[in-house]
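What follows is entry-v4.cif (mmCIF, C-alpha atoms).
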data_start
loop_
_atom_site.group_PDB
_atom_site.id
_atom_site.type_symbol
_atom_site.label_atom_id
_atom_site.label_comp_id
_atom_site.auth_asym_id
_atom_site.auth_seq_id
_atom_site.Cartn_x
_atom_site.Cartn_y
_atom_site.Cartn_z
ATOM 1 C CA MET M 55 27.827 78.401 29.959
ATOM 2 C CA THR M 56 26.063 79.803 26.898
ATOM 3 C CA LYS M 57 25.513 83.493 26.672
ATOM 4 C CA ASP M 58 21.731 83.555 26.347
ATOM 5 C CA THR M 59 20.778 81.579 29.466
ATOM 6 C CA ASN M 60 20.969 84.184 32.191
ATOM 7 C CA SER M 61 20.510 87.495 30.520
ATOM 8 C CA THR M 62 18.561 90.337 32.160
ATOM 9 C CA PRO M 63 15.784 90.750 33.095
ATOM 10 C CA HIS M 64 16.437 88.280 35.831
ATOM 11 C CA ASN M 65 14.058 85.404 35.619
ATOM 12 C CA GLU M 66 11.034 85.559 37.851
ATOM 13 C CA PHE M 67 11.462 82.105 39.352
ATOM 14 C CA GLU M 68 14.809 83.016 40.854
ATOM 15 C CA LYS M 69 13.520 86.294 42.194
ATOM 16 C CA ALA M 70 10.658 84.513 43.926
ATOM 17 C CA GLU M 71 13.141 82.028 45.350
ATOM 18 C CA HIS M 72 15.330 84.812 46.735
ATOM 19 C CA LYS M 73 12.278 86.485 48.213
ATOM 20 C CA GLU M 74 11.290 83.252 49.960
ATOM 21 C CA GLU M 75 14.789 82.946 51.398
ATOM 22 C CA MET M 76 14.705 86.580 52.542
ATOM 23 C CA LYS M 77 11.441 85.868 54.370
ATOM 24 C CA HIS M 78 13.103 83.023 56.282
ATOM 25 C CA GLN M 79 15.973 85.325 57.154
ATOM 26 C CA VAL M 80 13.685 88.027 58.517
ATOM 27 C CA ILE M 81 11.924 85.378 60.626
ATOM 28 C CA SER M 82 15.267 84.176 61.977
ATOM 29 C CA PHE M 83 16.192 87.790 62.754
ATOM 30 C CA VAL M 84 13.008 88.170 64.818
ATOM 31 C CA MET M 85 13.791 84.906 66.629
ATOM 32 C CA MET M 86 17.319 86.117 67.362
ATOM 33 C CA ILE M 87 15.975 89.390 68.806
ATOM 34 C CA ILE M 88 13.588 87.398 71.007
ATOM 35 C CA PHE M 89 16.401 85.116 72.224
ATOM 36 C CA THR M 90 18.578 88.141 72.983
ATOM 37 C CA ILE M 91 15.840 89.902 74.948
ATOM 38 C CA ALA M 92 15.103 86.662 76.826
ATOM 39 C CA ALA M 93 18.771 86.254 77.776
ATOM 40 C CA PHE M 94 19.033 89.850 79.030
ATOM 41 C CA ALA M 95 15.718 89.528 80.855
ATOM 42 C CA VAL M 96 16.873 86.380 82.685
ATOM 43 C CA VAL M 97 19.888 88.254 84.034
ATOM 44 C CA ALA M 98 18.332 91.697 84.553
ATOM 45 C CA THR M 99 15.279 90.486 86.487
ATOM 46 C CA ASP M 100 17.224 87.973 88.579
ATOM 47 C CA ALA M 101 14.154 85.764 88.221
ATOM 48 C CA ILE M 102 16.008 82.461 88.401
ATOM 49 C CA GLY M 103 19.008 81.432 90.459
ATOM 50 C CA LYS M 104 22.571 81.502 89.241
ATOM 51 C CA TYR M 105 22.790 77.766 88.574
ATOM 52 C CA PHE M 106 19.829 77.817 86.207
ATOM 53 C CA ALA M 107 20.471 81.227 84.659
ATOM 54 C CA ILE M 108 23.926 80.395 83.257
ATOM 55 C CA PRO M 109 22.940 77.221 81.354
ATOM 56 C CA ILE M 110 19.809 78.972 80.031
ATOM 57 C CA ILE M 111 21.641 82.008 78.632
ATOM 58 C CA LEU M 112 24.333 79.740 77.134
ATOM 59 C CA LEU M 113 21.637 77.651 75.455
ATOM 60 C CA LEU M 114 19.963 80.814 74.096
ATOM 61 C CA ALA M 115 23.340 81.920 72.683
ATOM 62 C CA VAL M 116 23.919 78.558 70.977
ATOM 63 C CA VAL M 117 20.455 78.564 69.383
ATOM 64 C CA GLN M 118 20.965 82.125 68.205
ATOM 65 C CA VAL M 119 24.316 81.268 66.643
ATOM 66 C CA ILE M 120 22.749 78.289 64.842
ATOM 67 C CA PHE M 121 20.255 80.698 63.254
ATOM 68 C CA GLN M 122 23.088 83.023 62.315
ATOM 69 C CA LEU M 123 25.170 80.253 60.730
ATOM 70 C CA TYR M 124 22.400 78.336 58.943
ATOM 71 C CA TYR M 125 20.225 81.222 57.765
ATOM 72 C CA PHE M 126 22.323 84.417 57.646
ATOM 73 C CA MET M 127 25.471 82.626 56.491
ATOM 74 C CA HIS M 128 23.463 80.230 54.262
ATOM 75 C CA MET M 129 24.836 76.997 55.724
ATOM 76 C CA LYS M 130 21.418 75.392 55.211
ATOM 77 C CA ASN M 131 21.812 75.807 51.439
ATOM 78 C CA LYS M 132 23.335 73.250 49.106
ATOM 79 C CA GLY M 133 27.086 73.147 48.598
ATOM 80 C CA HIS M 134 27.985 73.920 52.201
ATOM 81 C CA GLU M 135 29.527 70.583 53.172
ATOM 82 C CA THR M 136 33.083 71.964 53.288
ATOM 83 C CA PRO M 137 32.055 75.081 55.277
ATOM 84 C CA ALA M 138 30.319 72.755 57.759
ATOM 85 C CA LEU M 139 33.482 70.665 58.057
ATOM 86 C CA MET M 140 35.569 73.797 58.645
ATOM 87 C CA ILE M 141 33.290 75.372 61.205
ATOM 88 C CA TYR M 142 32.610 72.138 63.133
ATOM 89 C CA GLY M 143 36.316 71.295 63.040
ATOM 90 C CA GLY M 144 37.008 74.756 64.435
ATOM 91 C CA LEU M 145 34.299 74.339 67.084
ATOM 92 C CA ALA M 146 35.718 70.974 68.185
ATOM 93 C CA VAL M 147 39.175 72.484 68.747
ATOM 94 C CA ALA M 148 37.538 75.552 70.339
ATOM 95 C CA PHE M 149 35.672 73.321 72.804
ATOM 96 C CA MET M 150 38.879 71.471 73.748
ATOM 97 C CA THR M 151 40.702 74.779 74.187
ATOM 98 C CA ILE M 152 38.101 76.225 76.536
ATOM 99 C CA LEU M 153 37.873 72.960 78.467
ATOM 100 C CA THR M 154 41.642 72.932 78.886
ATOM 101 C CA PHE M 155 41.892 76.563 79.965
ATOM 102 C CA THR M 156 39.110 76.296 82.501
ATOM 103 C CA THR M 157 39.830 72.874 84.028
ATOM 104 C CA ILE M 158 43.335 71.507 83.546
ATOM 105 C CA ILE M 159 45.584 74.551 83.559
ATOM 106 C CA TRP M 160 46.428 76.056 86.938
ATOM 107 C CA TRP M 161 46.588 79.866 86.796
ATOM 108 C CA MET Z 238 33.681 81.314 31.213
ATOM 109 C CA SER Z 239 35.632 83.980 29.394
ATOM 110 C CA ASN Z 240 36.984 87.053 31.073
ATOM 111 C CA GLU Z 241 34.529 89.146 29.095
ATOM 112 C CA ASP Z 242 31.588 87.240 30.593
ATOM 113 C CA ILE Z 243 32.955 87.605 34.110
ATOM 114 C CA LEU Z 244 33.085 91.401 33.836
ATOM 115 C CA ASN Z 245 29.732 91.735 32.100
ATOM 116 C CA PRO Z 246 27.073 92.797 34.627
ATOM 117 C CA LYS Z 247 24.309 91.368 32.433
ATOM 118 C CA GLN Z 248 25.631 87.848 32.885
ATOM 119 C CA MET Z 249 24.487 87.025 36.395
ATOM 120 C CA PRO Z 250 24.020 83.342 37.159
ATOM 121 C CA HIS Z 251 22.069 81.880 40.074
ATOM 122 C CA GLU Z 252 24.821 82.140 42.698
ATOM 123 C CA PRO Z 253 27.145 84.870 41.439
ATOM 124 C CA GLU Z 254 29.523 84.431 44.394
ATOM 125 C CA LYS Z 255 30.337 80.852 43.374
ATOM 126 C CA ALA Z 256 30.015 81.041 39.592
ATOM 127 C CA THR Z 257 33.718 81.412 38.862
ATOM 128 C CA LEU Z 258 36.605 79.237 40.027
ATOM 129 C CA GLU Z 259 38.073 82.231 41.801
ATOM 130 C CA GLY Z 260 34.763 82.799 43.586
ATOM 131 C CA LYS Z 261 34.549 79.148 44.645
ATOM 132 C CA ASN Z 262 38.096 79.247 45.965
ATOM 133 C CA LYS Z 263 37.423 82.448 47.893
ATOM 134 C CA PHE Z 264 34.304 80.900 49.389
ATOM 135 C CA LEU Z 265 36.067 77.713 50.552
ATOM 136 C CA GLY Z 266 39.199 79.518 51.673
ATOM 137 C CA PHE Z 267 37.166 81.974 53.665
ATOM 138 C CA TRP Z 268 35.298 79.258 55.553
ATOM 139 C CA PHE Z 269 38.650 77.643 56.334
ATOM 140 C CA PHE Z 270 39.742 80.988 57.766
ATOM 141 C CA LEU Z 271 36.536 81.230 59.842
ATOM 142 C CA GLY Z 272 37.260 77.791 61.339
ATOM 143 C CA GLY Z 273 40.644 79.150 62.432
ATOM 144 C CA GLU Z 274 39.065 82.324 63.806
ATOM 145 C CA THR Z 275 36.759 80.185 65.932
ATOM 146 C CA VAL Z 276 39.799 78.604 67.603
ATOM 147 C CA LEU Z 277 41.488 81.981 68.043
ATOM 148 C CA PHE Z 278 38.482 83.436 69.842
ATOM 149 C CA ALA Z 279 38.071 80.221 71.868
ATOM 150 C CA SER Z 280 41.549 80.674 73.319
ATOM 151 C CA LEU Z 281 40.670 84.249 74.298
ATOM 152 C CA PHE Z 282 37.347 83.129 75.799
ATOM 153 C CA GLY Z 283 39.148 80.356 77.693
ATOM 154 C CA THR Z 284 41.642 82.861 79.089
ATOM 155 C CA PHE Z 285 38.855 85.211 80.139
ATOM 156 C CA LEU Z 286 36.900 82.432 81.857
ATOM 157 C CA ALA Z 287 39.999 81.318 83.730
ATOM 158 C CA LEU Z 288 40.935 84.841 84.865
ATOM 159 C CA LYS Z 289 37.520 86.411 85.430
ATOM 160 C CA ASP Z 290 37.809 86.367 89.222
ATOM 161 C CA SER Z 291 41.427 87.598 89.336
ATOM 162 C CA THR Z 292 40.641 91.224 90.108
ATOM 163 C CA ALA Z 293 43.793 92.089 92.101
ATOM 164 C CA GLY Z 294 41.674 94.138 94.519
ATOM 165 C CA GLY Z 295 40.145 96.177 91.688
ATOM 166 C CA PRO Z 296 36.515 96.198 90.559
ATOM 167 C CA GLY Z 297 34.966 92.881 89.498
ATOM 168 C CA THR Z 298 32.665 92.135 86.582
ATOM 169 C CA GLU Z 299 29.450 92.569 88.608
ATOM 170 C CA GLU Z 300 30.428 96.073 89.666
ATOM 171 C CA LEU Z 301 31.740 97.159 86.254
ATOM 172 C CA PHE Z 302 29.228 96.046 83.676
ATOM 173 C CA GLY Z 303 26.024 97.879 82.847
ATOM 174 C CA LEU Z 304 23.476 95.842 80.913
ATOM 175 C CA GLU Z 305 21.781 98.797 79.182
ATOM 176 C CA LEU Z 306 24.823 99.751 77.127
ATOM 177 C CA VAL Z 307 25.575 96.149 76.197
ATOM 178 C CA PHE Z 308 21.963 95.627 75.154
ATOM 179 C CA VAL Z 309 22.073 98.630 72.822
ATOM 180 C CA MET Z 310 25.384 97.430 71.337
ATOM 181 C CA THR Z 311 23.937 93.940 70.819
ATOM 182 C CA MET Z 312 20.896 95.316 69.003
ATOM 183 C CA LEU Z 313 23.084 97.493 66.771
ATOM 184 C CA LEU Z 314 25.311 94.595 65.736
ATOM 185 C CA LEU Z 315 22.434 92.149 65.302
ATOM 186 C CA THR Z 316 20.560 94.626 63.107
ATOM 187 C CA SER Z 317 23.694 95.274 61.054
ATOM 188 C CA SER Z 318 23.860 91.534 60.458
ATOM 189 C CA LEU Z 319 20.342 91.650 59.001
ATOM 190 C CA THR Z 320 21.110 94.675 56.834
ATOM 191 C CA SER Z 321 24.081 92.862 55.300
ATOM 192 C CA VAL Z 322 21.720 89.939 54.570
ATOM 193 C CA TYR Z 323 19.567 92.474 52.693
ATOM 194 C CA ALA Z 324 22.647 93.635 50.800
ATOM 195 C CA MET Z 325 23.367 90.060 49.681
ATOM 196 C CA TYR Z 326 19.706 89.592 48.756
ATOM 197 C CA HIS Z 327 19.973 92.516 46.347
ATOM 198 C CA MET Z 328 23.316 91.218 45.088
ATOM 199 C CA LYS Z 329 21.658 87.939 44.122
ATOM 200 C CA ASN Z 330 18.955 89.898 42.305
ATOM 201 C CA ASN Z 331 21.688 91.842 40.512
ATOM 202 C CA ASN Z 332 20.553 95.149 41.982
ATOM 203 C CA PHE Z 333 23.787 97.022 42.569
ATOM 204 C CA SER Z 334 22.448 100.331 43.883
ATOM 205 C CA LYS Z 335 20.224 98.715 46.526
ATOM 206 C CA MET Z 336 23.100 96.476 47.592
ATOM 207 C CA MET Z 337 25.247 99.565 48.114
ATOM 208 C CA VAL Z 338 22.519 101.271 50.164
ATOM 209 C CA TRP Z 339 22.200 98.296 52.526
ATOM 210 C CA LEU Z 340 25.959 97.952 52.815
ATOM 211 C CA GLY Z 341 26.012 101.637 53.730
ATOM 212 C CA VAL Z 342 23.435 101.043 56.483
ATOM 213 C CA THR Z 343 25.526 98.107 57.722
ATOM 214 C CA VAL Z 344 28.635 100.270 57.895
ATOM 215 C CA ALA Z 345 26.764 103.036 59.756
ATOM 216 C CA LEU Z 346 25.469 100.556 62.349
ATOM 217 C CA GLY Z 347 28.945 99.059 62.690
ATOM 218 C CA PHE Z 348 30.536 102.433 63.369
ATOM 219 C CA SER Z 349 27.911 103.307 65.978
ATOM 220 C CA PHE Z 350 28.653 99.969 67.659
ATOM 221 C CA LEU Z 351 32.344 100.882 67.764
ATOM 222 C CA GLY Z 352 31.497 104.315 69.177
ATOM 223 C CA PHE Z 353 29.601 102.712 72.069
ATOM 224 C CA GLU Z 354 32.479 100.309 72.672
ATOM 225 C CA LEU Z 355 35.015 103.137 72.847
ATOM 226 C CA TYR Z 356 32.745 105.002 75.255
ATOM 227 C CA GLU Z 357 32.496 101.834 77.370
ATOM 228 C CA PHE Z 358 36.276 101.401 77.588
ATOM 229 C CA TYR Z 359 36.705 105.108 78.338
ATOM 230 C CA HIS Z 360 34.125 104.818 81.115
ATOM 231 C CA TYR Z 361 35.855 101.805 82.714
ATOM 232 C CA ILE Z 362 39.255 103.459 82.556
ATOM 233 C CA HIS Z 363 38.223 106.837 83.960
ATOM 234 C CA GLU Z 364 35.460 105.908 86.418
ATOM 235 C CA TYR Z 365 36.883 102.657 87.759
ATOM 236 C CA GLU Z 366 40.582 102.851 86.832
ATOM 237 C CA PHE Z 367 40.039 99.450 85.253
ATOM 238 C CA THR Z 368 42.760 99.167 82.625
ATOM 239 C CA PHE Z 369 44.641 96.554 80.634
ATOM 240 C CA ARG Z 370 47.334 96.527 83.306
ATOM 241 C CA SER Z 371 45.260 96.876 86.483
ATOM 242 C CA SER Z 372 44.445 93.166 86.908
ATOM 243 C CA ALA Z 373 44.488 89.804 85.147
ATOM 244 C CA LEU Z 374 40.756 90.300 84.616
ATOM 245 C CA GLY Z 375 41.530 93.620 82.911
ATOM 246 C CA SER Z 376 44.088 92.024 80.583
ATOM 247 C CA ALA Z 377 41.742 89.167 79.670
ATOM 248 C CA PHE Z 378 38.734 91.458 79.225
ATOM 249 C CA TYR Z 379 40.421 94.064 77.031
ATOM 250 C CA THR Z 380 42.175 91.400 74.958
ATOM 251 C CA LEU Z 381 38.974 89.490 74.224
ATOM 252 C CA VAL Z 382 36.585 92.406 73.728
ATOM 253 C CA GLY Z 383 39.269 94.555 72.071
ATOM 254 C CA PHE Z 384 40.119 91.782 69.629
ATOM 255 C CA HIS Z 385 36.461 91.607 68.682
ATOM 256 C CA GLY Z 386 36.327 95.405 68.352
ATOM 257 C CA GLY Z 387 39.404 95.208 66.125
ATOM 258 C CA HIS Z 388 37.569 92.701 63.955
ATOM 259 C CA VAL Z 389 34.624 95.089 63.715
ATOM 260 C CA LEU Z 390 36.935 97.922 62.649
ATOM 261 C CA PHE Z 391 38.684 95.691 60.111
ATOM 262 C CA GLY Z 392 35.336 94.513 58.714
ATOM 263 C CA LEU Z 393 34.138 98.115 58.376
ATOM 264 C CA LEU Z 394 37.307 99.217 56.563
ATOM 265 C CA TRP Z 395 37.005 96.162 54.334
ATOM 266 C CA ILE Z 396 33.397 96.878 53.336
ATOM 267 C CA VAL Z 397 34.061 100.603 52.845
ATOM 268 C CA THR Z 398 37.067 99.796 50.644
ATOM 269 C CA LEU Z 399 35.013 97.368 48.549
ATOM 270 C CA MET Z 400 32.232 99.930 48.171
ATOM 271 C CA ALA Z 401 34.643 102.679 47.134
ATOM 272 C CA ARG Z 402 36.628 100.492 44.753
ATOM 273 C CA ASN Z 403 33.561 99.106 42.981
ATOM 274 C CA ALA Z 404 31.333 102.214 43.102
ATOM 275 C CA LYS Z 405 31.653 102.900 39.403
ATOM 276 C CA ARG Z 406 32.104 99.313 38.289
ATOM 277 C CA GLY Z 407 28.713 97.938 39.158
ATOM 278 C CA LEU Z 408 28.222 94.312 40.054
ATOM 279 C CA ASN Z 409 29.912 91.537 38.117
ATOM 280 C CA LEU Z 410 31.215 88.028 38.642
ATOM 281 C CA TYR Z 411 34.621 89.401 39.567
ATOM 282 C CA ASN Z 412 33.473 91.440 42.558
ATOM 283 C CA ALA Z 413 30.350 89.505 43.640
ATOM 284 C CA PRO Z 414 32.462 86.924 45.568
ATOM 285 C CA LYS Z 415 34.330 89.784 47.252
ATOM 286 C CA PHE Z 416 31.101 91.318 48.565
ATOM 287 C CA TYR Z 417 29.790 87.904 49.587
ATOM 288 C CA VAL Z 418 32.913 86.984 51.558
ATOM 289 C CA ALA Z 419 32.911 90.378 53.320
ATOM 290 C CA SER Z 420 29.300 89.776 54.388
ATOM 291 C CA LEU Z 421 30.250 86.324 55.746
ATOM 292 C CA TYR Z 422 32.963 88.001 57.803
ATOM 293 C CA TRP Z 423 30.431 90.506 59.115
ATOM 294 C CA HIS Z 424 28.060 87.719 60.211
ATOM 295 C CA PHE Z 425 30.936 85.923 61.915
ATOM 296 C CA ILE Z 426 31.679 89.075 63.920
ATOM 297 C CA ASP Z 427 28.096 88.954 65.158
ATOM 298 C CA VAL Z 428 28.450 85.245 66.019
ATOM 299 C CA VAL Z 429 31.441 86.096 68.226
ATOM 300 C CA TRP Z 430 29.543 88.994 69.812
ATOM 301 C CA VAL Z 431 26.666 86.680 70.790
ATOM 302 C CA PHE Z 432 29.134 84.710 72.903
ATOM 303 C CA ILE Z 433 30.787 87.868 74.234
ATOM 304 C CA PHE Z 434 27.544 89.377 75.498
ATOM 305 C CA THR Z 435 26.533 86.019 76.969
ATOM 306 C CA VAL Z 436 29.816 84.804 78.481
ATOM 307 C CA VAL Z 437 31.473 88.111 79.384
ATOM 308 C CA TYR Z 438 28.632 90.489 80.231
ATOM 309 C CA LEU Z 439 25.622 88.388 81.205
ATOM 310 C CA MET Z 440 27.599 85.683 83.029
ATOM 311 C CA GLY Z 441 29.776 88.418 84.547
ATOM 312 C CA LYS Z 442 26.665 90.107 85.881
ATOM 313 C CA VAL Z 443 25.268 86.883 87.306
ATOM 314 C CA GLY Z 444 28.578 86.339 89.077
#

This entry written out as structure tokens:
Amino acid sequence: MTKDTNSTPHNEFEKAEHKEEMKHQVISFVMMIIFTIAAFAVVATDAIGKYFAIPIILLLAVVQVIFQLYYFMHMKNKGHETPALMIYGGLAVAFMTILTFTTIIWW
Amino acid sequence: MSNEDILNPKQMPHEPEKATLEGKNKFLGFWFFLGGETVLFASLFGTFLALKDSTAGGPGTEELFGLELVFVMTMLLLTSSLTSVYAMYHMKNNNFSKMMVWLGVTVALGFSFLGFELYEFYHYIHEYEFTFRSSALGSAFYTLVGFHGGHVLFGLLWIVTLMARNAKRGLNLYNAPKFYVASLYWHFIDVVWVFIFTVVYLMGKVG
């Protein structure tokens, strides 16, 4: 890398790009707050029965975590193939673990 | 890139956290670690799910949990996740002082979360005599939620240490990956909390 390419002041294009990304992150934050309030509301108001409430709050949690991973932790950006492999690999083993603990093992 | 360039705050490339080989390695290694953490927490979640009805005559989840406190804790942690995003935004713009301010806000929110958690445990122990040893549910609950709380405490000490160590250094390509990786850890703590408030508290309240 040559010395004169990235000297201060930071170039305006990059700043605008960061600002755009920040906007997306604030939007995802608002979405996450809405999902959280929805999940608490489902349980607090007892509006729907147990067998619907549990899948709904689990779905809200999964969507919220997708926002967290892809926006807050930047997994949507370029160069995140290995992180995706790691986290999905971890999730696959995690799924098997929970399945095992809740179905096969006798406590 | 020479060592002189790495330590020069005026040389800030597009993604400072991945501009050096060391930064790239930290980034990849840290995601590998997060994959492992996912499995670790899954085993604790699995244990909790399997033991959540084993109350040994003590109070169950429906009786114990109060949604108000958990809601406040969730909001605190979720907001602290956003403030650390702001910190990384200022890091990418090479604005050290603003990054430090937002990291400070993150740390403050994290400590208030921990305060609420300690109050919660204290409440369960003294009002309900619900302890680590009182039932299998107690063991599973305190292990899972306590492990997460331990992660919060570790993350806070980590960020505070980074802030103190680099306070007079300013931002450069040597410490930018360190800040970035700490913020990833902080987001991961919030990811785990999303499942804790859903699986432990909300599902516990539904029954």

Subject >> Evaluate the PyMOL selection byres ((chain M) within 7 of (chain Z)) and report residues as a PyMOL selection string >> reply: chain M and resi 55+60-62+69+72+76+83+97+104+108+111-112+115+119+122+126-127+137+140-141+143-145+147-148+151-152+155-156

Export, as a CSV table (one decimal), in the coordinates of the input, the selected residues with C-alpha atoms.
chain,number,residue,atom,x,y,z
M,55,MET,CA,27.8,78.4,30.0
M,60,ASN,CA,21.0,84.2,32.2
M,61,SER,CA,20.5,87.5,30.5
M,62,THR,CA,18.6,90.3,32.2
M,69,LYS,CA,13.5,86.3,42.2
M,72,HIS,CA,15.3,84.8,46.7
M,76,MET,CA,14.7,86.6,52.5
M,83,PHE,CA,16.2,87.8,62.8
M,97,VAL,CA,19.9,88.3,84.0
M,104,LYS,CA,22.6,81.5,89.2
M,108,ILE,CA,23.9,80.4,83.3
M,111,ILE,CA,21.6,82.0,78.6
M,112,LEU,CA,24.3,79.7,77.1
M,115,ALA,CA,23.3,81.9,72.7
M,119,VAL,CA,24.3,81.3,66.6
M,122,GLN,CA,23.1,83.0,62.3
M,126,PHE,CA,22.3,84.4,57.6
M,127,MET,CA,25.5,82.6,56.5
M,137,PRO,CA,32.1,75.1,55.3
M,140,MET,CA,35.6,73.8,58.6
M,141,ILE,CA,33.3,75.4,61.2
M,143,GLY,CA,36.3,71.3,63.0
M,144,GLY,CA,37.0,74.8,64.4
M,145,LEU,CA,34.3,74.3,67.1
M,147,VAL,CA,39.2,72.5,68.7
M,148,ALA,CA,37.5,75.6,70.3
M,151,THR,CA,40.7,74.8,74.2
M,152,ILE,CA,38.1,76.2,76.5
M,155,PHE,CA,41.9,76.6,80.0
M,156,THR,CA,39.1,76.3,82.5

Original post:
How would you write, as a PyMOL selection string, the residues chosen by the PyMOL selection byres ((chain Z and resi 400) around 12) on this structure?
Top reply: chain Z and resi 324+333-334+336-341+343-344+393-399+401-408+412-413+415-416+419

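Atom CA of Leu306 of chain Z to atom CA of Phe369 of chain Z spans 20.4 Å [interatomic distance, one decimal].
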
Original post:
What residues come out when you apply the PyMOL selection byres ((chain Z and resi 411) around 9) to this file, written as a ChimeraX atom specification?
Top reply: /Z:243-244,253-254,257,259-260,408-410,412-415

Original post:
Any idea what's packed within 9 Å of Asp290 of chain Z, counting only C-alpha atoms, ignoring anything in its chain fewer than 6 positions away? Could you give it as a list of chain:residue names?
Top reply: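 Near neighbours after the sequence-gap exclusion: Z:Gly297, Z:Thr298, Z:Ala373, Z:Leu374.
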